[in-house]
$ cat start17.cif   # mmCIF, C-alpha atoms
data_structure
#
loop_
_atom_site.label_atom_id
_atom_site.label_comp_id
_atom_site.auth_asym_id
_atom_site.auth_seq_id
_atom_site.Cartn_x
_atom_site.Cartn_y
_atom_site.Cartn_z
CA MET R 65 142.41 102.37 141.40
CA THR R 66 144.42 105.07 143.11
CA ALA R 67 146.31 107.72 141.19
CA GLY R 68 149.64 105.92 141.58
CA ASP R 69 148.47 102.47 140.59
CA PRO R 70 148.05 102.36 136.79
CA VAL R 71 150.86 101.41 134.45
CA ILE R 72 149.91 103.20 131.25
CA ALA R 73 151.16 101.80 127.95
CA SER R 74 153.83 104.07 126.52
CA GLY R 75 153.16 103.09 122.90
CA PRO R 76 150.38 101.76 120.69
CA VAL R 77 148.23 98.88 121.90
CA THR R 78 146.97 96.32 119.38
CA VAL R 79 144.29 93.67 119.75
CA ASP R 80 143.29 90.89 117.36
CA VAL R 81 139.65 89.74 117.63
CA PRO R 82 138.04 86.82 115.75
CA ALA R 83 134.85 86.68 113.77
CA SER R 84 132.14 84.44 115.09
CA SER R 85 128.96 82.74 113.97
CA ALA R 86 126.09 82.63 116.44
CA ASN R 87 122.99 80.43 116.75
CA LEU R 88 124.44 77.68 114.50
CA GLY R 89 120.89 76.82 113.58
CA ALA R 90 118.78 76.05 116.61
CA GLY R 91 120.91 77.54 119.41
CA PHE R 92 119.33 80.98 119.27
CA ASP R 93 121.22 83.62 121.31
CA ALA R 94 123.26 80.94 123.12
CA LEU R 95 125.63 79.03 120.80
CA ALA R 96 128.55 80.51 118.89
CA LEU R 97 131.73 79.47 117.14
CA ALA R 98 134.87 81.61 116.72
CA LEU R 99 136.21 81.69 113.16
CA ASP R 100 139.70 82.14 111.77
CA LEU R 101 139.01 85.61 110.42
CA ALA R 102 139.89 88.68 112.45
CA ASP R 103 139.77 92.43 112.87
CA ILE R 104 142.90 94.08 114.21
CA PHE R 105 142.62 97.32 116.17
CA THR R 106 145.50 99.60 117.14
CA VAL R 107 145.04 102.39 119.69
CA THR R 108 147.52 105.24 120.21
CA ARG R 109 147.37 108.13 122.66
CA ALA R 110 146.85 111.40 120.75
CA ASP R 111 147.70 114.38 122.93
CA ASP R 112 147.46 116.68 119.88
CA LEU R 113 143.70 116.02 119.57
CA PRO R 114 141.00 117.64 121.72
CA ALA R 115 140.45 115.90 125.06
CA GLY R 116 137.89 113.12 124.85
CA SER R 117 138.06 112.81 121.07
CA ILE R 118 138.80 109.66 119.06
CA GLU R 119 140.02 109.78 115.49
CA VAL R 120 139.32 106.59 113.52
CA THR R 121 140.95 105.19 110.38
CA VAL R 122 139.44 102.10 108.74
CA VAL R 123 141.16 99.81 106.26
CA GLY R 124 139.27 96.87 104.76
CA GLU R 125 135.74 95.73 105.55
CA GLY R 126 133.32 98.41 106.63
CA ALA R 127 135.49 101.30 105.44
CA ASP R 128 132.43 102.74 103.69
CA VAL R 129 130.07 102.60 106.70
CA ILE R 130 132.07 102.83 109.95
CA PRO R 131 132.06 106.43 111.25
CA ARG R 132 135.39 108.19 111.82
CA ASP R 133 134.32 110.48 114.66
CA GLY R 134 134.52 108.04 117.56
CA SER R 135 130.84 107.11 117.55
CA ASP R 136 131.59 103.58 116.28
CA ARG R 137 131.19 100.53 118.53
CA PHE R 138 134.91 99.98 119.12
CA SER R 139 135.40 103.55 120.30
CA GLN R 140 132.34 103.38 122.56
CA ALA R 141 133.63 100.18 124.14
CA LEU R 142 137.14 101.66 124.46
CA ARG R 143 135.75 104.60 126.42
CA ARG R 144 133.71 102.30 128.65
CA GLY R 145 136.69 100.04 129.28
CA LEU R 146 138.95 102.98 130.16
CA ALA R 147 136.37 104.27 132.61
CA GLU R 148 136.03 100.78 134.09
CA VAL R 149 139.75 100.57 134.87
CA ASP R 150 140.60 104.22 135.46
CA GLY R 151 137.76 104.99 137.84
CA PRO R 152 136.38 108.44 138.60
CA GLY R 153 139.01 111.06 139.28
CA ALA R 154 141.94 108.63 139.02
CA THR R 155 144.41 109.39 136.22
CA GLY R 156 142.24 111.11 133.65
CA VAL R 157 143.18 108.53 130.99
CA ALA R 158 139.52 107.80 130.32
CA GLY R 159 139.08 111.39 129.18
CA GLY R 160 142.12 111.42 126.93
CA ALA R 161 142.25 111.58 123.15
CA TRP R 162 143.07 108.58 120.97
CA ARG R 163 143.77 107.48 117.44
CA VAL R 164 142.26 104.17 116.40
CA ARG R 165 143.33 102.25 113.32
CA MET R 166 141.20 99.33 112.19
CA HIS R 167 142.36 96.60 109.81
CA ASN R 168 139.07 94.79 109.27
CA ALA R 169 138.66 91.38 107.64
CA ILE R 170 135.23 90.60 109.13
CA PRO R 171 132.38 91.58 106.80
CA VAL R 172 130.05 94.13 108.40
CA ARG R 173 126.33 93.39 108.92
CA ARG R 174 126.65 89.88 107.53
CA GLY R 175 126.04 87.83 110.69
CA LEU R 176 129.72 87.20 111.40
CA GLY R 177 130.12 89.03 114.68
CA SER R 178 131.76 92.24 113.45
CA SER R 179 129.97 94.28 116.12
CA ALA R 180 130.91 91.83 118.87
CA ALA R 181 134.54 91.86 117.68
CA ALA R 182 134.57 95.66 117.87
CA THR R 183 132.99 95.63 121.34
CA VAL R 184 135.39 93.04 122.74
CA GLY R 185 138.30 94.74 121.00
CA GLY R 186 137.52 98.10 122.57
CA LEU R 187 137.23 96.68 126.07
CA ALA R 188 140.38 94.56 125.66
CA ALA R 189 142.37 97.50 124.27
CA ALA R 190 141.35 99.62 127.25
CA ASP R 191 142.52 96.88 129.60
CA LEU R 192 145.88 96.62 127.81
CA ILE R 193 146.41 100.36 127.96
CA PHE R 194 146.65 99.85 131.71
CA GLY R 195 148.91 96.80 131.39
CA GLY R 196 146.28 94.06 131.03
CA GLY R 197 144.49 91.75 133.42
CA LEU R 198 142.52 94.47 135.24
CA ILE R 199 139.14 93.70 133.67
CA ALA R 200 138.32 90.10 134.55
CA ALA R 201 137.02 87.87 131.78
CA GLU R 202 133.65 87.58 133.54
CA ARG R 203 133.34 91.36 133.79
CA MET R 204 134.37 91.81 130.18
CA LEU R 205 131.62 89.40 129.11
CA GLU R 206 129.15 91.33 131.25
CA LEU R 207 130.12 94.70 129.79
CA ALA R 208 130.22 93.40 126.21
CA THR R 209 126.78 91.84 126.59
CA TRP R 210 125.31 95.20 127.63
CA PHE R 211 126.52 96.62 124.34
CA GLU R 212 125.43 93.68 122.20
CA GLY R 213 122.18 92.71 123.92
CA HIS R 214 123.06 88.99 123.98
CA PRO R 215 126.19 87.05 124.98
CA ASP R 216 126.63 84.57 122.13
CA ASN R 217 129.04 86.33 119.73
CA VAL R 218 130.94 88.16 122.47
CA ALA R 219 131.58 84.90 124.34
CA ALA R 220 133.18 83.38 121.23
CA ALA R 221 135.12 86.57 120.51
CA LEU R 222 136.45 86.59 124.07
CA HIS R 223 137.26 82.92 124.52
CA GLY R 224 137.54 81.36 121.05
CA GLY R 225 136.41 77.86 120.18
CA PHE R 226 132.79 76.78 120.61
CA THR R 227 130.89 78.54 123.36
CA VAL R 228 127.56 78.22 125.12
CA ALA R 229 126.70 81.44 127.00
CA VAL R 230 123.46 81.85 128.92
CA PRO R 231 122.33 84.66 131.25
CA VAL R 232 121.45 83.35 134.72
CA GLY R 233 119.98 84.75 137.90
CA ASP R 234 119.36 88.47 137.67
CA ALA R 235 121.48 89.04 134.57
CA SER R 236 119.54 91.21 132.14
CA MET R 237 119.74 91.62 128.40
CA ASP R 238 118.33 95.14 128.68
CA GLY R 239 121.39 96.96 129.97
CA PRO R 240 122.44 97.94 133.50
CA PRO R 241 119.87 99.21 135.99
CA ARG R 242 119.69 102.96 136.38
CA SER R 243 121.10 104.62 139.47
CA ASP R 244 118.00 106.84 139.73
CA GLY R 245 115.59 103.95 140.28
CA ALA R 246 114.11 104.14 136.78
CA PRO R 247 113.53 100.94 134.78
CA PRO R 248 116.48 99.32 133.00
CA MET R 249 117.64 101.02 129.82
CA SER R 250 116.49 99.64 126.51
CA ARG R 251 119.04 98.20 124.12
CA SER R 252 118.81 101.31 121.99
CA ASP R 253 119.92 103.70 124.74
CA ALA R 254 122.15 101.40 126.81
CA VAL R 255 125.38 102.21 124.98
CA PRO R 256 125.51 106.00 125.31
CA SER R 257 124.17 105.85 128.86
CA LEU R 258 126.79 103.41 130.16
CA MET R 259 129.29 106.19 130.67
CA SER R 260 127.00 108.21 132.93
CA ARG R 261 125.26 105.46 134.92
CA SER R 262 126.51 103.61 137.97
CA ASP R 263 127.59 99.99 137.67
CA PRO R 264 124.98 97.28 138.18
CA ALA R 265 124.74 95.48 141.48
CA ARG R 266 127.10 92.52 141.65
CA SER R 267 124.70 89.86 142.91
CA PRO R 268 126.06 86.31 143.27
CA ALA R 269 122.88 85.18 141.53
CA ALA R 270 123.52 87.38 138.50
CA GLY R 271 125.84 86.70 135.60
CA PHE R 272 126.34 84.15 132.87
CA ALA R 273 126.80 80.43 132.65
CA LEU R 274 129.58 79.94 130.11
CA VAL R 275 130.99 76.72 128.71
CA ARG R 276 133.77 76.68 126.13
CA PHE R 277 135.41 73.76 124.39
CA GLU R 278 137.45 72.99 121.31
CA PRO R 279 135.46 72.04 118.22
CA PRO R 280 136.38 68.80 116.44
CA PRO R 281 139.76 69.13 114.67
CA ASP R 282 138.38 68.12 111.26
CA LEU R 283 135.59 70.69 111.27
CA LEU R 284 135.59 73.17 108.40
CA VAL R 285 133.24 76.10 108.01
CA VAL R 286 131.98 77.10 104.56
CA LEU R 287 130.53 80.58 104.29
CA PHE R 288 128.63 82.31 101.56
CA VAL R 289 128.84 86.04 102.29
CA PRO R 290 126.33 88.04 100.23
CA ASP R 291 127.04 91.60 99.23
CA ARG R 292 123.68 92.42 100.78
CA ARG R 293 123.95 93.78 104.33
CA LEU R 294 121.29 93.02 106.91
CA SER R 295 120.79 94.92 110.15
CA THR R 296 120.74 92.68 113.23
CA GLY R 297 118.21 95.00 114.83
CA SER R 298 115.78 94.85 111.94
CA MET R 299 116.21 91.09 111.64
CA ARG R 300 115.30 90.73 115.34
CA GLU R 301 112.27 92.97 115.01
CA ILE R 302 110.57 90.58 112.60
CA LEU R 303 110.71 87.70 115.11
CA PRO R 304 107.43 86.87 116.87
CA GLU R 305 106.95 87.30 120.62
CA SER R 306 105.76 83.69 120.93
CA VAL R 307 106.07 80.51 118.90
CA PRO R 308 104.14 77.22 118.77
CA ARG R 309 105.13 74.76 121.48
CA ARG R 310 106.14 72.15 118.90
CA ASP R 311 108.64 74.61 117.43
CA ALA R 312 110.07 75.41 120.86
CA VAL R 313 110.44 71.70 121.62
CA HIS R 314 112.05 71.16 118.22
CA ASN R 315 114.68 73.82 118.90
CA VAL R 316 115.43 72.73 122.45
CA ALA R 317 116.12 69.24 121.12
CA ARG R 318 118.24 70.46 118.17
CA ALA R 319 120.26 72.92 120.24
CA SER R 320 121.02 70.17 122.76
CA LEU R 321 122.03 67.91 119.90
CA ALA R 322 124.35 70.59 118.47
CA VAL R 323 126.24 70.85 121.76
CA ALA R 324 126.48 67.07 122.07
CA ALA R 325 127.58 66.67 118.45
CA LEU R 326 130.37 69.24 118.65
CA ALA R 327 131.51 68.13 122.10
CA SER R 328 131.71 64.48 121.08
CA GLY R 329 132.94 64.91 117.52
CA ARG R 330 129.76 63.39 116.06
CA LEU R 331 129.74 65.56 112.96
CA ASP R 332 127.17 63.27 111.36
CA LEU R 333 124.59 64.76 113.76
CA LEU R 334 125.06 68.34 112.57
CA ALA R 335 122.53 68.03 109.76
CA ALA R 336 119.71 67.55 112.25
CA ALA R 337 121.28 69.85 114.85
CA THR R 338 121.26 72.87 112.51
CA GLU R 339 117.52 72.66 111.71
CA ASP R 340 115.81 75.74 113.14
CA ARG R 341 112.19 76.80 113.60
CA LEU R 342 112.52 79.85 115.86
CA HIS R 343 114.16 82.45 113.64
CA GLU R 344 115.10 81.25 110.14
CA PRO R 345 111.52 80.78 108.86
CA TYR R 346 110.65 84.34 109.91
CA ARG R 347 113.86 85.88 108.63
CA ALA R 348 113.30 84.20 105.28
CA SER R 349 110.38 86.62 104.80
CA VAL R 350 112.92 89.42 104.24
CA PHE R 351 115.73 87.17 102.98
CA PRO R 352 113.84 84.93 100.54
CA GLU R 353 116.98 83.34 99.09
CA LEU R 354 117.77 81.75 102.46
CA PRO R 355 115.90 78.41 102.09
CA ARG R 356 117.33 77.79 98.63
CA LEU R 357 120.89 78.49 99.73
CA ILE R 358 120.60 76.17 102.72
CA ALA R 359 119.09 73.48 100.50
CA ALA R 360 121.91 73.91 97.99
CA ALA R 361 124.54 73.45 100.67
CA ARG R 362 122.85 70.36 102.06
CA GLY R 363 122.35 68.99 98.56
CA ALA R 364 126.09 69.29 97.93
CA GLY R 365 126.78 67.13 100.98
CA ALA R 366 127.25 69.72 103.72
CA LEU R 367 127.18 68.18 107.19
CA GLY R 368 124.77 70.91 108.22
CA ALA R 369 123.76 74.37 107.03
CA CYS R 370 122.08 77.41 108.54
CA LEU R 371 121.90 81.18 108.62
CA SER R 372 124.92 82.70 110.35
CA GLY R 373 123.65 84.88 113.17
CA ALA R 374 121.00 87.24 111.84
CA GLY R 375 122.46 86.99 108.33
CA SER R 376 123.05 87.59 105.60
CA SER R 377 125.85 85.00 105.54
CA ILE R 378 125.09 81.31 105.14
CA LEU R 379 127.16 78.83 107.14
CA ALA R 380 127.71 75.18 106.26
CA PHE R 381 129.87 72.50 107.84
CA ALA R 382 132.27 70.07 106.18
CA ASP R 383 134.88 67.61 107.42
CA ARG R 384 137.35 67.59 104.51
CA PRO R 385 138.66 70.17 102.03
CA GLY R 386 137.16 68.50 98.95
CA LEU R 387 133.67 68.53 100.44
CA ALA R 388 134.12 72.14 101.57
CA SER R 389 135.03 73.14 98.01
CA ASP R 390 131.97 71.35 96.62
CA VAL R 391 129.69 73.08 99.10
CA ALA R 392 131.24 76.48 98.38
CA ALA R 393 130.74 75.96 94.65
CA ALA R 394 127.13 74.88 95.17
CA LEU R 395 126.42 77.99 97.25
CA GLU R 396 127.95 80.27 94.65
CA LEU R 397 126.01 78.57 91.85
CA GLU R 398 122.68 78.82 93.68
CA ALA R 399 123.34 82.44 94.62
CA SER R 400 124.04 83.24 90.99
CA THR R 401 120.84 81.47 89.97
CA VAL R 402 118.71 83.57 92.32
CA GLY R 403 120.58 86.77 91.49
CA LEU R 404 122.36 87.19 94.82
CA THR R 405 125.91 88.50 94.52
CA GLY R 406 128.56 87.58 97.05
CA ARG R 407 131.50 85.29 97.69
CA ALA R 408 132.22 81.95 99.31
CA MET R 409 135.07 81.24 101.68
CA VAL R 410 136.27 78.23 103.65
CA LEU R 411 137.53 78.79 107.20
CA ARG R 412 138.55 76.80 110.21
CA PRO R 413 137.27 77.48 113.72
CA ARG R 414 139.64 79.58 115.79
CA SER R 415 140.80 78.33 119.18
CA GLN R 416 141.99 81.69 120.48
CA GLY R 417 139.70 84.49 121.46
CA VAL R 418 140.81 88.11 121.63
CA ILE R 419 144.59 88.45 121.65
CA GLY R 420 146.58 91.41 122.85
CA VAL R 421 149.48 91.55 120.42
CA ASP R 422 152.71 91.03 122.40
CA SER R 423 150.56 90.78 125.51
CA GLY R 424 149.20 87.23 125.36
CA GLN R 425 145.62 86.04 125.23
CA LEU R 426 143.09 87.96 127.31
CA GLY R 427 140.34 85.35 127.22
CA GLN R 428 140.72 81.89 128.75
#
$ encode --input "start17.cif" --output "structure tokens"
Amino acid sequence: MTAGDPVIASGPVTVDVPASSANLGAGFDALALALDLADIFTVTRADDLPAGSIEVTVVGEGADVIPRDGSDRFSQALRRGLAEVDGPGATGVAGGAWRVRMHNAIPVRRGLGSSAAATVGGLAAADLIFGGGLIAAERMLELATWFEGHPDNVAAALHGGFTVAVPVGDASMDGPPRSDGAPPMSRSDAVPSLMSRSDPARSPAAGFALVRFEPPPDLLVVLFVPDRRLSTGSMREILPESVPRRDAVHNVARASLAVAALASGRLDLLAAATEDRLHEPYRASVFPELPRLIAAARGAGALGACLSGAGSSILAFADRPGLASDVAAALELEASTVGLTGRAMVLRPRSQGVIGVDSGQLGQ
């Protein structure tokens, strides 16, 4: 961009970003579904604050854990998005001060994509500050994946519906390559280093294969959201580096079945499609209530049941409100029996991804 190009928003910019559930059983790090539950972020220029600072106010979920000093994920992504559009030495907007207000409905650290929603929201808000449409959807997915480490939740947050997102070619899950020739950054240091490192090479062979489609219209999602929070990082650390071949074959088959079932409307296939052997058995070692909750949902007639993302939420599918209510009640009863506090909710999938309020949908 040149100094005369940007059209800077004169007032607050607001984005609405959906929750999402990743994996959906066997589709580890690839499958995700956007849910009709959202965080809403409003960003306002704050010339009375020190340059480069971000002041955060949080209402709703995560108000007790999200930092207020601009070190949160939304603020990090906002800075990165502003730098992406503004460019070095352009308008100085990337170095400005901002006030961020979050109205959060997505439970934090429960496997419902709150981090991905914040990441996508920050990037989308930065784009809208400059009028919108300057960060292409493909680039936004690329940037968001560097923050998250995997593209599943961010794809659903960006595009809505049911998504399959897979890195291809030279795309890396370990952050952008360094400009100094050093090895790629680890996931732990990728976020703070993004601001100071050059962009990755844009190779035609690098990027993501992304497919998005509408889930069946009758599909309902039943969630049991425990009060217990689980860290995605710690839940990934307990996963083994290798698995038996029979388990890998099992998951390849079930993940393929999940895509076919949701694409064709064959909801009767979801019971088999949500059976996982790559992550749930290992995560049950630190979340021992998991098998019993899944069994309770299936026993109540759920069309399929699984851990949502890395947990701690449990996801089950239904095709009618009465069944959804029965499954929700069964999950709450079993949770009470095993001494796990939390709440059940019934949601529909969400067709829209991130929305710029009064600015239309950013994803496609």
$ residues_around --input "start17.cif" --residues "Arg318 of chain R" --least-positions-apart "3" --cutoff "9 Å" --atoms "all atoms listed in the file" --output "PDB file with C-alpha atoms, in the frame of the given file"
ATOM      1  CA  GLY R  89     120.890  76.820 113.580  1.00  0.00           C
ATOM      2  CA  ALA R  90     118.780  76.050 116.610  1.00  0.00           C
ATOM      3  CA  GLY R  91     120.910  77.540 119.410  1.00  0.00           C
ATOM      4  CA  VAL R 313     110.440  71.700 121.620  1.00  0.00           C
ATOM      5  CA  HIS R 314     112.050  71.160 118.220  1.00  0.00           C
ATOM      6  CA  ASN R 315     114.680  73.820 118.900  1.00  0.00           C
ATOM      7  CA  LEU R 321     122.030  67.910 119.900  1.00  0.00           C
ATOM      8  CA  ALA R 322     124.350  70.590 118.470  1.00  0.00           C
ATOM      9  CA  VAL R 323     126.240  70.850 121.760  1.00  0.00           C
ATOM     10  CA  ALA R 336     119.710  67.550 112.250  1.00  0.00           C
ATOM     11  CA  ALA R 337     121.280  69.850 114.850  1.00  0.00           C
ATOM     12  CA  THR R 338     121.260  72.870 112.510  1.00  0.00           C
ATOM     13  CA  GLU R 339     117.520  72.660 111.710  1.00  0.00           C
ATOM     14  CA  ASP R 340     115.810  75.740 113.140  1.00  0.00           C
TER      15      ASP R 340
END
$ residues_around --input "start17.cif" --residues "segment 405-413 of chain R" --least-positions-apart "5" --cutoff "10 Å" --atoms "only C-alpha atoms" --output "PyMOL selection string"
chain R and resi 82-85+97-101+224-226+278-292+377-382+385+388-389+391-396+399-400
$ resolve_selection --input "start17.cif" --expression "the PyMOL selection byres ((chain R and resi 80) around 7)" --output "PyMOL selection string"
chain R and resi 78-79+81-82+102-105+418-421
$ write_last_selection --input "start17.cif" --atoms "C-alpha atoms" --output "tab-separated table (two decimals), in the coordinates of the input"
chain	number	residue	atom	x	y	z
R	78	THR	CA	146.97	96.32	119.38
R	79	VAL	CA	144.29	93.67	119.75
R	81	VAL	CA	139.65	89.74	117.63
R	82	PRO	CA	138.04	86.82	115.75
R	102	ALA	CA	139.89	88.68	112.45
R	103	ASP	CA	139.77	92.43	112.87
R	104	ILE	CA	142.90	94.08	114.21
R	105	PHE	CA	142.62	97.32	116.17
R	418	VAL	CA	140.81	88.11	121.63
R	419	ILE	CA	144.59	88.45	121.65
R	420	GLY	CA	146.58	91.41	122.85
R	421	VAL	CA	149.48	91.55	120.42
$ resolve_selection --input "start17.cif" --expression "the PyMOL selection byres ((chain R and resi 303) around 10)" --output "PyMOL selection string"
chain R and resi 298-302+304-307+342-347
$ atom_distance --input "start17.cif" --atom1 "atom CA of Asp311 of chain R" --atom2 "atom CA of Ala273 of chain R"
24.4 Å
$ closest_residue --input "start17.cif" --among "R:Ala161, R:Ala141, R:Ala96, R:Ala221" --to "Ala190 of chain R" --atoms "all atoms listed in the file"
R:Ala141
$ closest_residue --input "start17.cif" --among "R:Gly363, R:Gly329, R:Gly195, R:Gly145" --to "Ser74 of chain R" --atoms "all atoms listed in the file"
R:Gly195
$ closest_residue --input "start17.cif" --among "R:Ala325, R:Asn87, R:Arg414, R:Ala147" --to "Arg341 of chain R" --atoms "all atoms listed in the file"
R:Asn87
$ atom_distance --input "start17.cif" --atom1 "atom CA of Arg132 of chain R" --atom2 "atom CA of Ala201 of chain R"
28.5 Å
$ axis_aligned_box --input "start17.cif" --around "segment 116-123 of chain R" --padding-each-side "6 Å" --output "lines of an AutoDock Vina configuration file"
center_x = 139.5
center_y = 106.5
center_z = 115.6
size_x = 15.3
size_y = 25.3
size_z = 30.6
$ atom_distance --input "start17.cif" --atom1 "atom CA of Gly186 of chain R" --atom2 "atom CA of Val129 of chain R"
18.1 Å
$ residues_near_point --input "start17.cif" --point "(146.7, 99.0, 130.7)" --cutoff "10 Å" --atoms "only C-alpha atoms" --output "MDAnalysis selection string"
chainID R and resid 70:74 77 146 149:150 188:199
$ residues_near_point --input "start17.cif" --point "(131.8, 89.1, 121.1)" --cutoff "6 Å" --atoms "only C-alpha atoms" --output "ChimeraX atom specification"
/R:180-181,184,217-221
$ closest_residue --input "start17.cif" --among "R:Ala348, R:Ala369, R:Val107, R:Val316" --to "Pro76 of chain R" --atoms "all atoms listed in the file"
R:Val107
$ resolve_selection --input "start17.cif" --expression "the PyMOL selection byres ((chain R and resi 111) around 8)" --output "JSON list (two decimals) with C-alpha atoms, keeping the file's coordinate frame"
[["chain", "number", "residue", "atom", "x", "y", "z"],
["R", 109, "ARG", "CA", 147.37, 108.13, 122.66],
["R", 110, "ALA", "CA", 146.85, 111.40, 120.75],
["R", 112, "ASP", "CA", 147.46, 116.68, 119.88],
["R", 113, "LEU", "CA", 143.70, 116.02, 119.57],
["R", 114, "PRO", "CA", 141.00, 117.64, 121.72],
["R", 115, "ALA", "CA", 140.45, 115.90, 125.06],
["R", 160, "GLY", "CA", 142.12, 111.42, 126.93],
["R", 161, "ALA", "CA", 142.25, 111.58, 123.15],
["R", 162, "TRP", "CA", 143.07, 108.58, 120.97]]
$ closest_residue --input "start17.cif" --among "R:Gly126, R:Gly368, R:Pro355, R:Pro308" --to "Ser178 of chain R" --atoms "only C-alpha atoms"
R:Gly126
$ closest_residue --input "start17.cif" --among "R:Thr296, R:Asp332, R:Ile118, R:Ala327" --to "Val275 of chain R" --atoms "all atoms listed in the file"
R:Ala327
